[in-house]
file final28.txt (compact mmCIF, C-alpha atoms and all ligand atoms)
# COMPACT_ATOMS: atom_id res chain seq x y z
CA MET A 288 -101.45 -1.00 124.85
CA LYS A 289 -101.14 -3.58 127.59
CA ILE A 290 -102.51 -7.06 126.95
CA VAL A 291 -103.07 -9.32 129.96
CA GLU A 292 -104.59 -12.75 130.37
CA THR A 293 -104.76 -13.00 134.15
CA LYS A 294 -106.80 -11.20 136.80
CA LYS A 295 -103.62 -10.64 138.82
CA ALA A 296 -101.85 -8.85 135.96
CA ALA A 297 -104.95 -6.74 135.23
CA ARG A 298 -105.28 -5.76 138.89
CA GLU A 299 -101.64 -4.68 139.11
CA ILE A 300 -102.03 -2.31 136.18
CA ILE A 301 -105.32 -0.92 137.49
CA ARG A 302 -103.83 -0.40 140.96
CA LYS A 303 -101.05 1.73 139.48
CA TRP A 304 -103.53 3.81 137.50
CA LYS A 305 -105.77 4.29 140.53
CA ARG A 306 -102.81 5.38 142.62
CA ARG A 307 -102.28 8.15 140.06
CA GLY A 308 -105.90 9.17 140.53
CA LEU A 309 -106.88 8.17 137.00
CA ARG A 310 -110.48 7.45 136.04
CA ILE A 311 -110.91 3.96 134.59
CA GLY A 312 -113.41 3.04 131.88
CA LEU A 313 -114.38 -0.48 130.83
CA VAL A 314 -115.92 -1.82 127.63
CA PRO A 315 -116.91 -5.48 128.08
CA THR A 316 -116.98 -7.43 124.79
CA MET A 317 -116.90 -10.90 123.30
CA GLY A 318 -114.54 -9.74 120.56
CA TYR A 319 -114.69 -10.04 116.77
CA PHE A 320 -114.78 -6.28 116.68
CA HIS A 321 -116.86 -4.17 114.33
CA GLU A 322 -117.64 -0.45 114.28
CA GLY A 323 -120.18 -0.92 117.10
CA HIS A 324 -117.51 -2.15 119.51
CA LEU A 325 -115.06 0.52 118.34
CA SER A 326 -117.62 3.29 118.90
CA LEU A 327 -117.95 2.13 122.54
CA MET A 328 -114.17 2.36 122.96
CA ASP A 329 -114.14 5.87 121.47
CA LYS A 330 -117.03 6.89 123.75
CA CYS A 331 -115.22 5.45 126.74
CA HIS A 332 -112.20 7.66 126.02
CA GLU A 333 -114.48 10.70 126.43
CA LEU A 334 -115.51 9.47 129.88
CA ALA A 335 -112.30 8.07 131.37
CA ASP A 336 -108.53 8.62 131.50
CA LYS A 337 -107.73 4.97 130.83
CA VAL A 338 -109.82 2.61 128.69
CA ALA A 339 -109.86 -1.10 129.44
CA VAL A 340 -111.54 -3.56 127.08
CA SER A 341 -112.36 -7.10 128.11
CA LEU A 342 -112.43 -9.72 125.41
CA PHE A 343 -114.06 -12.91 126.64
CA VAL A 344 -116.56 -15.20 124.95
CA ASN A 345 -118.47 -15.99 128.11
CA PRO A 346 -119.56 -19.65 128.14
CA ALA A 347 -122.03 -18.94 130.96
CA GLN A 348 -124.29 -16.86 128.72
CA PHE A 349 -124.66 -19.53 126.04
CA ALA A 350 -127.14 -22.39 126.37
CA PRO A 351 -125.88 -25.86 125.33
CA ASN A 352 -127.72 -25.65 121.96
CA GLU A 353 -126.30 -22.20 121.12
CA ASP A 354 -123.26 -21.05 119.13
CA LEU A 355 -120.48 -20.94 121.77
CA SER A 356 -118.11 -23.21 119.83
CA SER A 357 -118.69 -21.48 116.49
CA TYR A 358 -118.74 -17.92 117.85
CA PRO A 359 -116.39 -15.91 115.58
CA ARG A 360 -112.98 -15.12 117.04
CA ASP A 361 -109.96 -13.24 115.68
CA ARG A 362 -107.65 -12.27 118.51
CA GLU A 363 -104.90 -10.66 116.42
CA ARG A 364 -107.28 -8.49 114.40
CA ASP A 365 -109.15 -7.46 117.56
CA LEU A 366 -105.91 -6.45 119.29
CA ALA A 367 -104.82 -4.41 116.26
CA LEU A 368 -108.18 -2.62 116.16
CA ALA A 369 -108.17 -1.95 119.89
CA ASP A 370 -104.65 -0.54 119.58
CA ARG A 371 -105.75 1.72 116.74
CA HIS A 372 -108.52 3.01 119.01
CA ASN A 373 -105.99 3.83 121.73
CA VAL A 374 -107.22 1.25 124.19
CA ASP A 375 -104.91 1.17 127.20
CA LEU A 376 -105.56 -2.33 128.49
CA VAL A 377 -107.04 -5.45 126.92
CA PHE A 378 -108.05 -8.12 129.41
CA ILE A 379 -108.33 -11.39 127.53
CA PRO A 380 -108.75 -14.22 130.03
CA GLY A 381 -109.19 -17.90 129.29
CA ASP A 382 -112.27 -19.82 130.46
CA LYS A 383 -110.49 -21.27 133.52
CA GLU A 384 -109.17 -17.88 134.58
CA MET A 385 -112.76 -16.57 134.73
CA TYR A 386 -114.50 -19.70 136.00
CA ALA A 387 -112.18 -21.70 138.22
CA PRO A 388 -113.24 -25.27 139.02
CA GLY A 389 -115.86 -25.23 141.75
CA HIS A 390 -117.46 -21.94 140.67
CA LYS A 391 -120.85 -21.85 142.37
CA THR A 392 -121.98 -18.22 142.53
CA TRP A 393 -124.41 -16.65 140.10
CA VAL A 394 -126.02 -13.23 139.85
CA THR A 395 -129.72 -13.13 138.99
CA VAL A 396 -131.66 -10.02 138.03
CA GLU A 397 -135.39 -10.66 138.27
CA GLY A 398 -138.30 -9.12 136.40
CA LEU A 399 -136.37 -7.35 133.68
CA THR A 400 -135.19 -10.72 132.40
CA SER A 401 -138.57 -12.42 132.07
CA GLU A 402 -139.52 -11.11 128.62
CA MET A 403 -137.71 -10.68 125.30
CA CYS A 404 -134.36 -12.51 125.16
CA GLY A 405 -134.91 -13.74 128.72
CA ARG A 406 -137.88 -15.76 127.51
CA SER A 407 -136.09 -17.42 124.60
CA ARG A 408 -132.71 -17.68 126.37
CA PRO A 409 -133.67 -18.37 130.02
CA THR A 410 -130.10 -18.79 131.33
CA HIS A 411 -128.55 -15.99 129.28
CA PHE A 412 -128.85 -12.98 131.58
CA CYS A 413 -127.65 -14.86 134.64
CA GLY A 414 -124.48 -15.58 132.67
CA VAL A 415 -124.22 -11.95 131.58
CA ALA A 416 -124.86 -10.49 135.05
CA THR A 417 -122.34 -12.88 136.61
CA VAL A 418 -119.54 -12.19 134.15
CA VAL A 419 -120.12 -8.43 134.24
CA THR A 420 -120.02 -8.52 138.05
CA LYS A 421 -116.73 -10.40 137.89
CA LEU A 422 -115.31 -7.97 135.33
CA PHE A 423 -116.37 -5.02 137.51
CA ASN A 424 -114.66 -6.64 140.51
CA ILE A 425 -111.46 -7.27 138.55
CA ILE A 426 -111.18 -3.97 136.66
CA THR A 427 -113.04 -1.79 139.21
CA PRO A 428 -114.07 0.71 136.52
CA ASP A 429 -115.50 4.12 137.35
CA VAL A 430 -117.56 3.96 134.18
CA ALA A 431 -118.58 1.15 131.82
CA VAL A 432 -120.02 1.57 128.33
CA PHE A 433 -122.59 -0.81 126.83
CA GLY A 434 -124.35 -0.72 123.46
CA GLU A 435 -128.07 -0.07 123.10
CA LYS A 436 -127.97 -2.85 120.50
CA ASP A 437 -128.40 -5.20 123.48
CA PHE A 438 -131.07 -3.01 125.04
CA GLN A 439 -132.29 -5.55 127.57
CA GLN A 440 -128.71 -6.31 128.64
CA LEU A 441 -128.09 -2.59 129.21
CA GLN A 442 -131.18 -2.28 131.42
CA VAL A 443 -130.28 -5.46 133.33
CA ILE A 444 -126.79 -4.10 134.05
CA ARG A 445 -128.20 -0.73 135.10
CA ARG A 446 -130.60 -2.48 137.50
CA MET A 447 -127.91 -4.79 138.86
CA THR A 448 -125.39 -2.03 139.58
CA HIS A 449 -128.09 0.05 141.24
CA ASP A 450 -129.52 -2.81 143.32
CA LEU A 451 -126.13 -4.12 144.43
CA ASP A 452 -124.60 -0.67 145.07
CA MET A 453 -121.82 -1.21 142.58
CA PRO A 454 -119.80 2.01 142.36
CA VAL A 455 -119.77 2.24 138.58
CA GLU A 456 -121.55 4.56 136.17
CA ILE A 457 -123.28 2.74 133.32
CA VAL A 458 -123.40 4.56 129.99
CA GLY A 459 -125.45 3.39 127.02
CA HIS A 460 -124.32 4.08 123.46
CA PRO A 461 -126.45 4.15 120.27
CA ILE A 462 -126.61 1.27 117.79
CA VAL A 463 -124.09 1.45 114.96
CA ARG A 464 -125.50 0.24 111.65
CA GLU A 465 -124.28 -0.82 108.22
CA PRO A 466 -125.10 1.73 105.47
CA ASP A 467 -128.24 -0.25 104.54
CA GLY A 468 -129.54 -0.25 108.13
CA LEU A 469 -128.48 -3.68 109.43
CA ALA A 470 -127.32 -3.36 113.04
CA MET A 471 -123.68 -4.39 113.26
CA SER A 472 -123.12 -7.68 115.03
CA SER A 473 -120.34 -10.25 115.23
CA ARG A 474 -122.99 -12.80 114.27
CA ASN A 475 -123.61 -11.09 110.90
CA SER A 476 -120.52 -13.00 109.74
CA TYR A 477 -122.62 -16.20 109.84
CA LEU A 478 -124.97 -14.93 107.11
CA SER A 479 -124.85 -16.17 103.52
CA LYS A 480 -125.25 -13.59 100.76
CA GLU A 481 -128.96 -14.31 100.46
CA GLU A 482 -129.47 -14.30 104.22
CA ARG A 483 -127.61 -11.00 104.48
CA ARG A 484 -130.28 -9.47 102.22
CA SER A 485 -133.05 -10.93 104.37
CA ALA A 486 -131.39 -9.66 107.54
CA LEU A 487 -132.71 -6.22 106.57
CA CYS A 488 -136.12 -7.44 107.78
CA LEU A 489 -135.22 -6.28 111.30
CA SER A 490 -134.27 -2.66 110.60
CA GLN A 491 -137.02 -2.34 108.00
CA ALA A 492 -139.59 -3.62 110.48
CA LEU A 493 -138.38 -1.02 112.98
CA ASP A 494 -138.69 1.69 110.29
CA LEU A 495 -142.23 0.48 109.65
CA ALA A 496 -143.01 0.56 113.38
CA GLU A 497 -141.85 4.16 113.60
CA HIS A 498 -143.89 5.08 110.53
CA LEU A 499 -147.04 3.36 111.80
CA VAL A 500 -146.82 4.99 115.21
CA LYS A 501 -145.75 8.46 114.15
CA GLN A 502 -147.41 8.90 110.74
CA GLN A 503 -150.34 6.50 110.84
CA GLY A 504 -151.21 7.06 114.48
CA ILE A 505 -151.30 3.39 115.49
CA ARG A 506 -151.64 3.11 119.27
CA ASN A 507 -152.60 -0.52 119.71
CA CYS A 508 -149.53 -2.66 120.34
CA SER A 509 -151.11 -5.88 119.17
CA ASP A 510 -151.98 -4.28 115.79
CA LEU A 511 -148.46 -2.96 115.59
CA ARG A 512 -146.87 -6.35 116.30
CA GLN A 513 -149.15 -7.95 113.69
CA ALA A 514 -148.01 -5.47 111.04
CA LEU A 515 -144.36 -6.04 111.92
CA ALA A 516 -144.79 -9.82 111.81
CA GLU A 517 -146.25 -9.57 108.30
CA LYS A 518 -143.37 -7.37 107.21
CA ILE A 519 -140.72 -9.74 108.61
CA GLU A 520 -142.36 -12.91 107.33
CA ALA A 521 -142.32 -11.52 103.77
CA PHE A 522 -138.52 -11.95 103.77
CA PRO A 523 -137.08 -15.35 102.82
CA PHE A 524 -135.22 -17.27 105.56
CA ALA A 525 -136.78 -15.09 108.30
CA GLY A 526 -138.33 -16.76 111.36
CA ILE A 527 -139.58 -14.60 114.21
CA ASP A 528 -138.34 -15.42 117.70
CA TYR A 529 -140.14 -12.48 119.30
CA ILE A 530 -141.59 -9.06 118.61
CA PHE A 531 -141.73 -7.10 121.84
CA THR A 532 -143.51 -3.81 122.43
CA GLY A 533 -143.22 -2.29 125.86
CA ASP A 534 -141.84 0.16 128.33
CA PRO A 535 -138.16 1.00 127.71
CA GLU A 536 -137.43 1.37 131.45
CA THR A 537 -139.32 -1.52 133.08
CA LEU A 538 -139.31 -3.77 129.97
CA GLU A 539 -142.92 -4.66 130.75
CA SER A 540 -145.04 -5.28 127.69
CA GLN A 541 -147.69 -2.68 126.85
CA ASP A 542 -151.11 -2.89 125.20
CA THR A 543 -151.26 0.73 124.13
CA ILE A 544 -148.59 3.23 123.23
CA ASN A 545 -148.11 6.15 125.59
CA ASN A 546 -145.09 8.46 125.40
CA LYS A 547 -142.24 6.08 124.74
CA LEU A 548 -142.32 2.64 123.25
CA LEU A 549 -139.54 0.09 122.98
CA VAL A 550 -139.88 -2.11 119.94
CA ALA A 551 -137.45 -5.02 120.18
CA LEU A 552 -137.04 -7.87 117.74
CA ALA A 553 -135.28 -11.21 117.62
CA VAL A 554 -135.42 -12.97 114.27
CA PHE A 555 -133.75 -16.11 113.00
CA VAL A 556 -132.35 -15.46 109.54
CA GLY A 557 -131.56 -18.97 108.47
CA ALA A 558 -129.85 -20.42 111.54
CA THR A 559 -128.55 -17.03 112.75
CA ARG A 560 -130.46 -15.28 115.51
CA LEU A 561 -130.29 -11.49 115.16
CA ILE A 562 -131.66 -8.79 117.45
CA ASP A 563 -132.45 -5.13 116.95
CA ASN A 564 -134.56 -2.48 118.68
CA ARG A 565 -135.74 1.09 118.61
CA VAL A 566 -137.25 3.42 121.18
CA ILE A 567 -140.04 5.41 119.55
CA THR A 568 -140.76 8.69 121.28
CA LEU A 569 -144.01 10.52 120.58
CA GLU A 570 -143.98 14.26 119.96
CA ALA A 571 -145.82 15.09 123.18
CA ASP A 572 -142.97 13.60 125.18
CA THR A 573 -140.26 15.72 123.56
CA LYS A 574 -141.96 19.11 124.23
P1 LIG B 1 -120.64 -8.29 122.20
O1 LIG B 1 -119.21 -8.43 121.84
O2 LIG B 1 -121.59 -8.63 121.09
O3 LIG B 1 -120.99 -8.93 123.52
O4 LIG B 1 -120.89 -6.74 122.42
C1 LIG B 1 -120.08 -5.99 123.29
C2 LIG B 1 -120.70 -4.63 123.47
O5 LIG B 1 -120.82 -4.01 122.20
C3 LIG B 1 -122.12 -4.70 124.06
O6 LIG B 1 -122.28 -3.63 124.98
C4 LIG B 1 -122.99 -4.51 122.85
O7 LIG B 1 -124.25 -3.93 123.14
C5 LIG B 1 -122.15 -3.56 122.03
N1 LIG B 1 -122.53 -3.62 120.61
C6 LIG B 1 -122.64 -4.72 119.84
N2 LIG B 1 -123.07 -4.39 118.60
C7 LIG B 1 -123.26 -3.05 118.62
C8 LIG B 1 -123.69 -2.10 117.65
N3 LIG B 1 -124.05 -2.46 116.42
N4 LIG B 1 -123.76 -0.80 118.01
C9 LIG B 1 -123.42 -0.42 119.27
N5 LIG B 1 -123.00 -1.25 120.22
C10 LIG B 1 -122.91 -2.56 119.91
call {"tool": "encode", "arguments": {"input": "final28.txt", "output": "structure tokens"}}
result
Amino acid sequence: MKIVETKKAAREIIRKWKRRGLRIGLVPTMGYFHEGHLSLMDKCHELADKVAVSLFVNPAQFAPNEDLSSYPRDRERDLALADRHNVDLVFIPGDKEMYAPGHKTWVTVEGLTSEMCGRSRPTHFCGVATVVTKLFNIITPDVAVFGEKDFQQLQVIRRMTHDLDMPVEIVGHPIVREPDGLAMSSRNSYLSKEERRSALCLSQALDLAEHLVKQQGIRNCSDLRQALAEKIEAFPFAGIDYIFTGDPETLESQDTINNKLLVALAVFVGATRLIDNRVITLEADTK
């Protein structure tokens, strides 16, 4: 496995691979790997000849009051795990390598970023779209794999690559969960023992949403959100950031449920902000 810290070194390796006609896959990450990240690397191997992983805690996607400085990091463990998953190249740049002094260019995706995390983190997706654009320009992947855990991010990247004619295929991969249902996240490491128990409010609320829609026949989104809010608020330490119900493609909120509904949640468990989501598909749509 090759480990490089500069764009120049990454480009040299990629150029050699491309000359051999190899298909390049990229998995962008912020590190502190868990099974979710590793599943993306495994998926990427199915889609490409060479798998590159970027490991960069992107300052541009954190607001000043967020957890950039405390974001968990463990470079050696991450490299060992990537190696075990047969990653071919790890690109692990420093902040200055990615954002040289005088950086003035930002990528904005409109519309899709106005609700959900875009509402509570207004600068977040501009930081994400910019860094992903840079990573695509450096690694020039044929395919890039993103987790459905960050559902809005996945749709923003799909939109961006389509709108800007970026020659890369975007593949989404299902959420990997702990045995009790908690979606894996690097930020789960912030949780105390008691908070960890309360963190189940997200997956359990999504289970409830599915039950209410499929078994109880709820079709009114406001009623659904109310039921989910009550469920979440029954857990200690839980504070709702948002409960979103809407269209999984356009990310526009919906009043009534048609064929497919995205239910997306952001909840503070203590000081830790966790997200989770599920797309609920009604029977009629699967026929
Ligand atoms: P991060 O390091 O949190 O920026 O995540 C890097 C990539 O891993 C993103 O595409 C995430 O959506 C994906 N990811 C994070 N957690 C999970 C998970 N539990 N299951 C699947 N993919 C995930």
call {"tool": "closest_residue", "arguments": {"input": "final28.txt", "among": "A:Arg310, A:His332, A:His449, A:Lys436", "to": "A:Leu552", "atoms": "only C-alpha atoms"}}
result
A:Lys436
call {"tool": "closest_atom_pairs", "arguments": {"input": "final28.txt", "of": "chain A", "to": "ligand LIG 1 (chain B)", "cutoff": "10 Å", "atoms": "all atoms listed in the file", "output": "tab-separated table"}}
result
residue	atom	partner	partner_atom	distance
A:Val314	CA	B:LIG1	C2	6.9
A:Pro315	CA	B:LIG1	C1	5.8
A:Thr316	CA	B:LIG1	C1	3.7
A:Met317	CA	B:LIG1	O1	3.7
A:Gly318	CA	B:LIG1	O1	5.0
A:Tyr319	CA	B:LIG1	O1	7.0
A:Phe320	CA	B:LIG1	O1	7.1
A:His321	CA	B:LIG1	N2	7.5
A:Glu322	CA	B:LIG1	N3	7.1
A:Gly323	CA	B:LIG1	N4	3.7
A:His324	CA	B:LIG1	O5	4.7
A:Leu325	CA	B:LIG1	O5	8.3
A:Ser326	CA	B:LIG1	C9	6.9
A:Leu327	CA	B:LIG1	N5	6.5
A:Met328	CA	B:LIG1	O5	9.2
A:Val340	CA	B:LIG1	C1	9.7
A:Ser341	CA	B:LIG1	C1	9.2
A:Leu342	CA	B:LIG1	O1	7.8
A:Phe343	CA	B:LIG1	O1	8.3
A:Val344	CA	B:LIG1	O3	7.8
A:Asn345	CA	B:LIG1	O3	8.8
A:Val415	CA	B:LIG1	O3	9.2
A:Ala431	CA	B:LIG1	O6	9.1
A:Val432	CA	B:LIG1	O6	6.6
A:Phe433	CA	B:LIG1	O6	3.4
A:Gly434	CA	B:LIG1	O7	3.2
A:Glu435	CA	B:LIG1	O7	5.4
A:Lys436	CA	B:LIG1	O7	4.7
A:Asp437	CA	B:LIG1	O7	4.4
A:Phe438	CA	B:LIG1	O7	7.1
A:Gln439	CA	B:LIG1	O7	9.3
A:Gln440	CA	B:LIG1	O7	7.5
A:Leu441	CA	B:LIG1	O6	7.3
A:Val458	CA	B:LIG1	O6	9.7
A:Gly459	CA	B:LIG1	O6	8.0
A:His460	CA	B:LIG1	C9	6.2
A:Pro461	CA	B:LIG1	C9	5.6
A:Ile462	CA	B:LIG1	N4	3.5
A:Val463	CA	B:LIG1	N4	3.8
A:Arg464	CA	B:LIG1	N3	5.7
A:Glu465	CA	B:LIG1	N3	8.4
A:Leu469	CA	B:LIG1	N3	8.4
A:Ala470	CA	B:LIG1	N3	4.8
A:Met471	CA	B:LIG1	N3	3.7
A:Ser472	CA	B:LIG1	N2	4.9
A:Ser473	CA	B:LIG1	O2	6.2
A:Arg474	CA	B:LIG1	O2	8.1
A:Ile562	CA	B:LIG1	N2	9.7
A:Asp563	CA	B:LIG1	N3	8.8
call {"tool": "closest_residue", "arguments": {"input": "final28.txt", "among": "A:Glu481, A:Glu333, A:Glu570, A:Glu384", "to": "A:Lys294", "atoms": "all atoms listed in the file"}}
result
A:Glu384
call {"tool": "atom_distance", "arguments": {"input": "final28.txt", "atom1": "atom CA of A:Leu376", "atom2": "atom CA of A:Val338"}}
result
6.5 Å
call {"tool": "atom_distance", "arguments": {"input": "final28.txt", "atom1": "atom CA of A:Ala492", "atom2": "atom CA of A:Asn564"}}
result
9.7 Å
call {"tool": "residues_around", "arguments": {"input": "final28.txt", "residues": "A:Ala339", "least_positions_apart": "4", "cutoff": "7 Å", "atoms": "all atoms listed in the file", "output": "number ranges by chain"}}
result
A: 312-314, 374-377
call {"tool": "atom_distance", "arguments": {"input": "final28.txt", "atom1": "atom CA of A:Arg560", "atom2": "atom CA of A:Pro359"}}
result
14.1 Å
call {"tool": "residues_around", "arguments": {"input": "final28.txt", "residues": "stretch 541-546 of chain A", "least_positions_apart": "2", "cutoff": "10 Å", "atoms": "all atoms listed in the file", "output": "ChimeraX atom specification"}}
result
/A:500,504-511,531-534,538-539,548-549,567-573
call {"tool": "closest_residue", "arguments": {"input": "final28.txt", "among": "A:Gly468, A:Pro346, A:Gly389, A:Pro380", "to": "A:His411", "atoms": "all atoms listed in the file"}}
result
A:Pro346
call {"tool": "closest_residue", "arguments": {"input": "final28.txt", "among": "A:Gln348, A:Thr427, A:Thr410, A:Ser401", "to": "A:Trp304", "atoms": "all atoms listed in the file"}}
result
A:Thr427
call {"tool": "closest_residue", "arguments": {"input": "final28.txt", "among": "A:Ile426, A:Leu561, A:Cys404, A:Gln513", "to": "A:Arg302", "atoms": "all atoms listed in the file"}}
result
A:Ile426
call {"tool": "closest_residue", "arguments": {"input": "final28.txt", "among": "A:Pro388, A:Gly308, A:Gly557, A:Gly398", "to": "A:Ser479", "atoms": "only C-alpha atoms"}}
result
A:Gly557
call {"tool": "residues_near_point", "arguments": {"input": "final28.txt", "point": "(-107.8, -12.9, 142.3)", "cutoff": "10 Å", "atoms": "only C-alpha atoms", "output": "list of chain:residue names"}}
result
A:Thr293, A:Lys294, A:Lys295, A:Ala296, A:Ala297, A:Arg298, A:Glu384, A:Met385, A:Asn424, A:Ile425
call {"tool": "write_last_selection", "arguments": {"input": "final28.txt", "atoms": "C-alpha atoms", "output": "tab-separated table (two decimals), in the frame of the given file"}}
result
chain	number	residue	atom	x	y	z
A	293	THR	CA	-104.76	-13.00	134.15
A	294	LYS	CA	-106.80	-11.20	136.80
A	295	LYS	CA	-103.62	-10.64	138.82
A	296	ALA	CA	-101.85	-8.85	135.96
A	297	ALA	CA	-104.95	-6.74	135.23
A	298	ARG	CA	-105.28	-5.76	138.89
A	384	GLU	CA	-109.17	-17.88	134.58
A	385	MET	CA	-112.76	-16.57	134.73
A	424	ASN	CA	-114.66	-6.64	140.51
A	425	ILE	CA	-111.46	-7.27	138.55
call {"tool": "residues_around", "arguments": {"input": "final28.txt", "residues": "A:Thr448", "least_positions_apart": "3", "cutoff": "12 Å", "atoms": "all atoms listed in the file", "output": "PyMOL selection string"}}
result
chain A and resi 394-396+416-417+419-420+423-424+429-431+441-445+451-458
call {"tool": "decode", "arguments": {"input": "final28.txt", "residues": "stretch 471-483 of chain A", "atoms": "N, CA and C atoms", "output": "compact mmCIF listing (two decimals), in the first residue's frame"}}
result
# COMPACT_ATOMS: atom_id res chain seq x y z
N MET A 471 -22.91 3.23 12.49
CA MET A 471 -21.51 3.47 12.85
C MET A 471 -21.10 4.88 12.44
N SER A 472 -20.30 5.50 13.30
CA SER A 472 -19.83 6.86 13.05
C SER A 472 -18.57 7.09 13.87
N SER A 473 -17.63 7.83 13.30
CA SER A 473 -16.43 8.18 14.07
C SER A 473 -16.83 8.94 15.33
N ARG A 474 -17.91 9.70 15.24
CA ARG A 474 -18.33 10.53 16.38
C ARG A 474 -18.95 9.70 17.51
N ASN A 475 -19.27 8.42 17.26
CA ASN A 475 -19.79 7.60 18.37
C ASN A 475 -18.77 7.49 19.50
N SER A 476 -17.49 7.70 19.16
CA SER A 476 -16.44 7.60 20.19
C SER A 476 -16.56 8.72 21.23
N TYR A 477 -17.32 9.76 20.93
CA TYR A 477 -17.51 10.85 21.90
C TYR A 477 -18.48 10.46 23.02
N LEU A 478 -19.29 9.41 22.78
CA LEU A 478 -20.43 9.13 23.68
C LEU A 478 -19.99 8.48 24.99
N SER A 479 -20.55 8.94 26.11
CA SER A 479 -20.37 8.24 27.38
C SER A 479 -21.22 6.96 27.32
N LYS A 480 -21.05 6.13 28.34
CA LYS A 480 -21.81 4.87 28.38
C LYS A 480 -23.32 5.12 28.36
N GLU A 481 -23.73 6.11 29.13
CA GLU A 481 -25.17 6.42 29.21
C GLU A 481 -25.66 7.02 27.90
N GLU A 482 -24.84 7.89 27.34
CA GLU A 482 -25.22 8.50 26.05
C GLU A 482 -25.29 7.45 24.95
N ARG A 483 -24.38 6.50 25.01
CA ARG A 483 -24.37 5.43 23.99
C ARG A 483 -25.71 4.71 23.97
